[in-house]
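Reviewing the structure listed below.
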Amino acid sequence: MNNLTAILNKYHDRVGAFPTLYNVVTNVAYQTLSTSTSVHAPEGKAFMNEFAKHFIRNLHSYLLGETIEPAWNNYFIRVAENRNTILHLALSGINAHITYDIPFVLDNIKAQPEFEADFVEYTDFIAATYPAASLELNKQYGVQNADNVFQLFELGKAIDNVKGIGFTTHLAIDILRTESWNRGMNLVQHKLSIQQMNGICWQSFRDREKLIQFFDDQKLLF
Amino acid sequence: MNHKLLIYLSILLLCTFCTKEKQPSLSEQHIQIVGEGTTFYTDEDYNLLLELTDTSKFIALLN
């Protein structure tokens, strides 16, 4: 991821919006999981590897002009159209990764219910790295408002003042990951088919894209 | 005067025919989702990106 991101950043390539943020997350994940003593550590590593692969293989397809999964196709179209800000692209990438990829990653690694506590810990990386990710987006692309957006604007800041810095970001991540975990379990336990889950995830993904577009229209994603 | 003009025109025609048509880069040839915001890479970087994103040769981020 480091080498990949470095090339994209060298060109100030809009494709690099999400990997720039994701690279910060994977670096922390690498440090944490390398020293993990959890009995579920192998499952955790498989989860993080499979998670990364979803974006990487879609980027590969983009480079070759091959078929891209719908949520990532949306990302690359937004990159090309040049109508959305870098922060918008980063959020669309997070949306694709959390809303669309997670349930299928959990199915890929055949996650068991006992893995949930570790899954919560690993997805906490995402929430915990938001200040560093904001800094990196600022350094590479001049993004200025990432920190505020990740804290969900002023309301989130107000809650953070009472509950502690980062509380709102963790809460938002917690809601999203719980939903994705439940969806993943539905796939693993064959309660829903892949086709059904594609439909469900795609609808949620599109709803959230509309919300991101609303923030972009309000000129908040700069 | 006409003689000079003829020389200029001849040089211009010669240059036009001799200019080798620029070959599109590999990224220009392959990337299909293209627009104002698309970045094209040098062939060297494009090949490196392809190599780094080839999940069939993927070295796990975490072992």
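FYI, nothing fancy with the structure tokens labels: chains A, B, ... in order, residues from 1 per chain, ligands from 1 as they appear.
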Please determine the contact residues of chain A with respect to chain B at a cut-off of 9 Å, counting only C-alpha atoms, and supply them as JSON, numbers by chain.
{"A": [1, 3, 4, 7, 8, 11, 12, 13, 14, 15, 26, 29, 30, 33, 34, 42, 45, 46, 48, 49, 50, 52, 53, 56, 57, 58, 59, 60, 61, 62, 63, 64, 65, 66, 73, 76, 77, 78, 79, 80, 81, 82, 83]}
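The list of residues with at least one atom within 8 Å of A:Leu106, based on only C-alpha atoms and without residues fewer than 6 positions apart in the same chain, reads Phe47, Trp181, Gly184, Met185 and Val188 of chain A.
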Take the residues just selected and output them with all heavy atoms as a tab-separated table (two decimals), in the first residue's frame.
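Below you can see out-v2.tsv, which holds the result:
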chain	number	residue	atom	x	y	z
A	47	PHE	N	-8.74	-11.09	7.65
A	47	PHE	CA	-9.75	-10.06	7.43
A	47	PHE	C	-9.13	-8.80	6.83
A	47	PHE	O	-9.60	-8.28	5.81
A	47	PHE	CB	-10.45	-9.70	8.77
A	47	PHE	CG	-11.35	-8.51	8.68
A	47	PHE	CD1	-12.60	-8.61	8.10
A	47	PHE	CD2	-10.95	-7.26	9.16
A	47	PHE	CE1	-13.44	-7.50	7.99
A	47	PHE	CE2	-11.77	-6.16	9.06
A	47	PHE	CZ	-13.02	-6.28	8.48
A	181	TRP	N	-21.42	-6.02	10.08
A	181	TRP	CA	-21.16	-7.31	10.75
A	181	TRP	C	-22.39	-8.21	10.61
A	181	TRP	O	-22.29	-9.38	10.24
A	181	TRP	CB	-20.81	-7.10	12.22
A	181	TRP	CG	-20.78	-8.39	12.99
A	181	TRP	CD1	-21.78	-8.93	13.74
A	181	TRP	CD2	-19.70	-9.34	13.04
A	181	TRP	NE1	-21.39	-10.15	14.26
A	181	TRP	CE2	-20.11	-10.42	13.85
A	181	TRP	CE3	-18.42	-9.37	12.48
A	181	TRP	CZ2	-19.31	-11.53	14.11
A	181	TRP	CZ3	-17.61	-10.47	12.74
A	181	TRP	CH2	-18.06	-11.53	13.54
A	184	GLY	N	-22.72	-9.45	7.20
A	184	GLY	CA	-21.72	-10.48	6.95
A	184	GLY	C	-22.13	-11.83	7.53
A	184	GLY	O	-21.99	-12.87	6.89
A	185	MET	N	-22.66	-11.78	8.76
A	185	MET	CA	-23.10	-13.03	9.42
A	185	MET	C	-24.26	-13.66	8.64
A	185	MET	O	-24.36	-14.88	8.54
A	185	MET	CB	-23.53	-12.74	10.87
A	185	MET	CG	-22.37	-12.51	11.82
A	185	MET	SD	-21.24	-13.92	11.97
A	185	MET	CE	-19.87	-13.37	10.99
A	188	VAL	N	-22.51	-15.49	5.87
A	188	VAL	CA	-21.77	-16.67	6.36
A	188	VAL	C	-22.74	-17.78	6.73
A	188	VAL	O	-22.51	-18.95	6.43
A	188	VAL	CB	-20.88	-16.29	7.58
A	188	VAL	CG1	-20.24	-17.54	8.19
A	188	VAL	CG2	-19.80	-15.29	7.17
Gap from atom CA of A:Asn95 to atom CA of A:Phe205 - Å, one decimal:
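Answer for the atom CA of A:Asn95 to atom CA of A:Phe205 separation: 6.5 Å.
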What is the distance between atom CA of A:Tyr100 and atom CA of A:Ala146, in Å to one decimal?
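Between atom CA of A:Tyr100 and atom CA of A:Ala146 the gap is 22.0 Å.
What separates atom CA of A:Pro70 from atom CA of A:Ser180 is a distance of 17.3 Å.
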Tell me, as a CSV table (one decimal) with all heavy atoms, in the first residue's frame, which residues lie within 8 Å of stretch 213-216 of chain A, counting only C-alpha atoms; anything in the same chain fewer than 3 positions away does not count.
chain,number,residue,atom,x,y,z
A,84,ASN,N,-16.3,16.3,-8.0
A,84,ASN,CA,-16.3,16.2,-6.6
A,84,ASN,C,-14.9,16.5,-6.0
A,84,ASN,O,-13.9,16.3,-6.7
A,84,ASN,CB,-16.7,14.8,-6.2
A,84,ASN,CG,-18.1,14.4,-6.7
A,84,ASN,OD1,-18.2,13.4,-7.4
A,84,ASN,ND2,-19.1,15.2,-6.5
A,85,THR,N,-14.9,16.9,-4.8
A,85,THR,CA,-13.6,17.3,-4.1
A,85,THR,C,-12.9,16.0,-3.7
A,85,THR,O,-13.5,14.9,-3.7
A,85,THR,CB,-13.9,18.1,-2.8
A,85,THR,OG1,-14.6,17.3,-1.9
A,85,THR,CG2,-14.6,19.4,-3.1
A,88,HIS,N,-14.6,14.4,-0.8
A,88,HIS,CA,-15.8,13.7,-1.2
A,88,HIS,C,-15.3,12.3,-1.7
A,88,HIS,O,-15.9,11.2,-1.3
A,88,HIS,CB,-16.5,14.4,-2.4
A,88,HIS,CG,-17.7,13.8,-2.8
A,88,HIS,ND1,-18.9,14.5,-3.1
A,88,HIS,CD2,-18.0,12.5,-3.1
A,88,HIS,CE1,-19.8,13.6,-3.5
A,88,HIS,NE2,-19.3,12.4,-3.5
A,209,GLU,N,-24.3,7.7,-0.4
A,209,GLU,CA,-23.6,8.6,-1.4
A,209,GLU,C,-24.4,9.9,-1.6
A,209,GLU,O,-23.9,11.0,-1.8
A,209,GLU,CB,-23.6,7.9,-2.8
A,209,GLU,CG,-22.5,6.9,-2.9
A,209,GLU,CD,-21.1,7.5,-2.7
A,209,GLU,OE1,-20.6,8.2,-3.6
A,209,GLU,OE2,-20.5,7.2,-1.7
A,210,LYS,N,-25.8,9.8,-1.5
A,210,LYS,CA,-26.6,11.0,-1.6
A,210,LYS,C,-26.3,11.9,-0.5
A,210,LYS,O,-26.3,13.2,-0.6
A,210,LYS,CB,-28.1,10.6,-1.6
A,210,LYS,CG,-28.6,10.0,-2.9
A,210,LYS,CD,-30.0,9.6,-2.8
A,210,LYS,CE,-30.4,8.7,-3.9
A,210,LYS,NZ,-31.7,8.0,-3.7
A,219,LYS,N,-20.8,22.7,0.1
A,219,LYS,CA,-19.4,23.2,0.1
A,219,LYS,C,-18.7,22.9,1.5
A,219,LYS,O,-17.9,23.7,2.0
A,219,LYS,CB,-19.3,24.7,-0.2
A,219,LYS,CG,-20.1,25.2,-1.4
A,219,LYS,CD,-19.4,24.8,-2.6
A,219,LYS,CE,-20.2,25.2,-3.9
A,219,LYS,NZ,-20.0,24.4,-5.0
A,220,LEU,N,-19.0,21.8,2.1
A,220,LEU,CA,-18.4,21.4,3.3
A,220,LEU,C,-17.2,20.5,3.2
A,220,LEU,O,-16.5,20.3,4.1
A,220,LEU,CB,-19.5,20.8,4.3
A,220,LEU,CG,-20.6,21.7,4.7
A,220,LEU,CD1,-21.7,20.9,5.4
A,220,LEU,CD2,-20.0,22.7,5.7
A,221,LEU,N,-17.1,19.9,2.0
A,221,LEU,CA,-16.1,18.9,1.8
A,221,LEU,C,-14.9,19.5,1.0
A,221,LEU,O,-14.6,19.1,-0.1
A,221,LEU,CB,-16.7,17.7,1.0
A,221,LEU,CG,-17.9,17.0,1.6
A,221,LEU,CD1,-18.4,15.8,0.8
A,221,LEU,CD2,-17.7,16.6,3.1
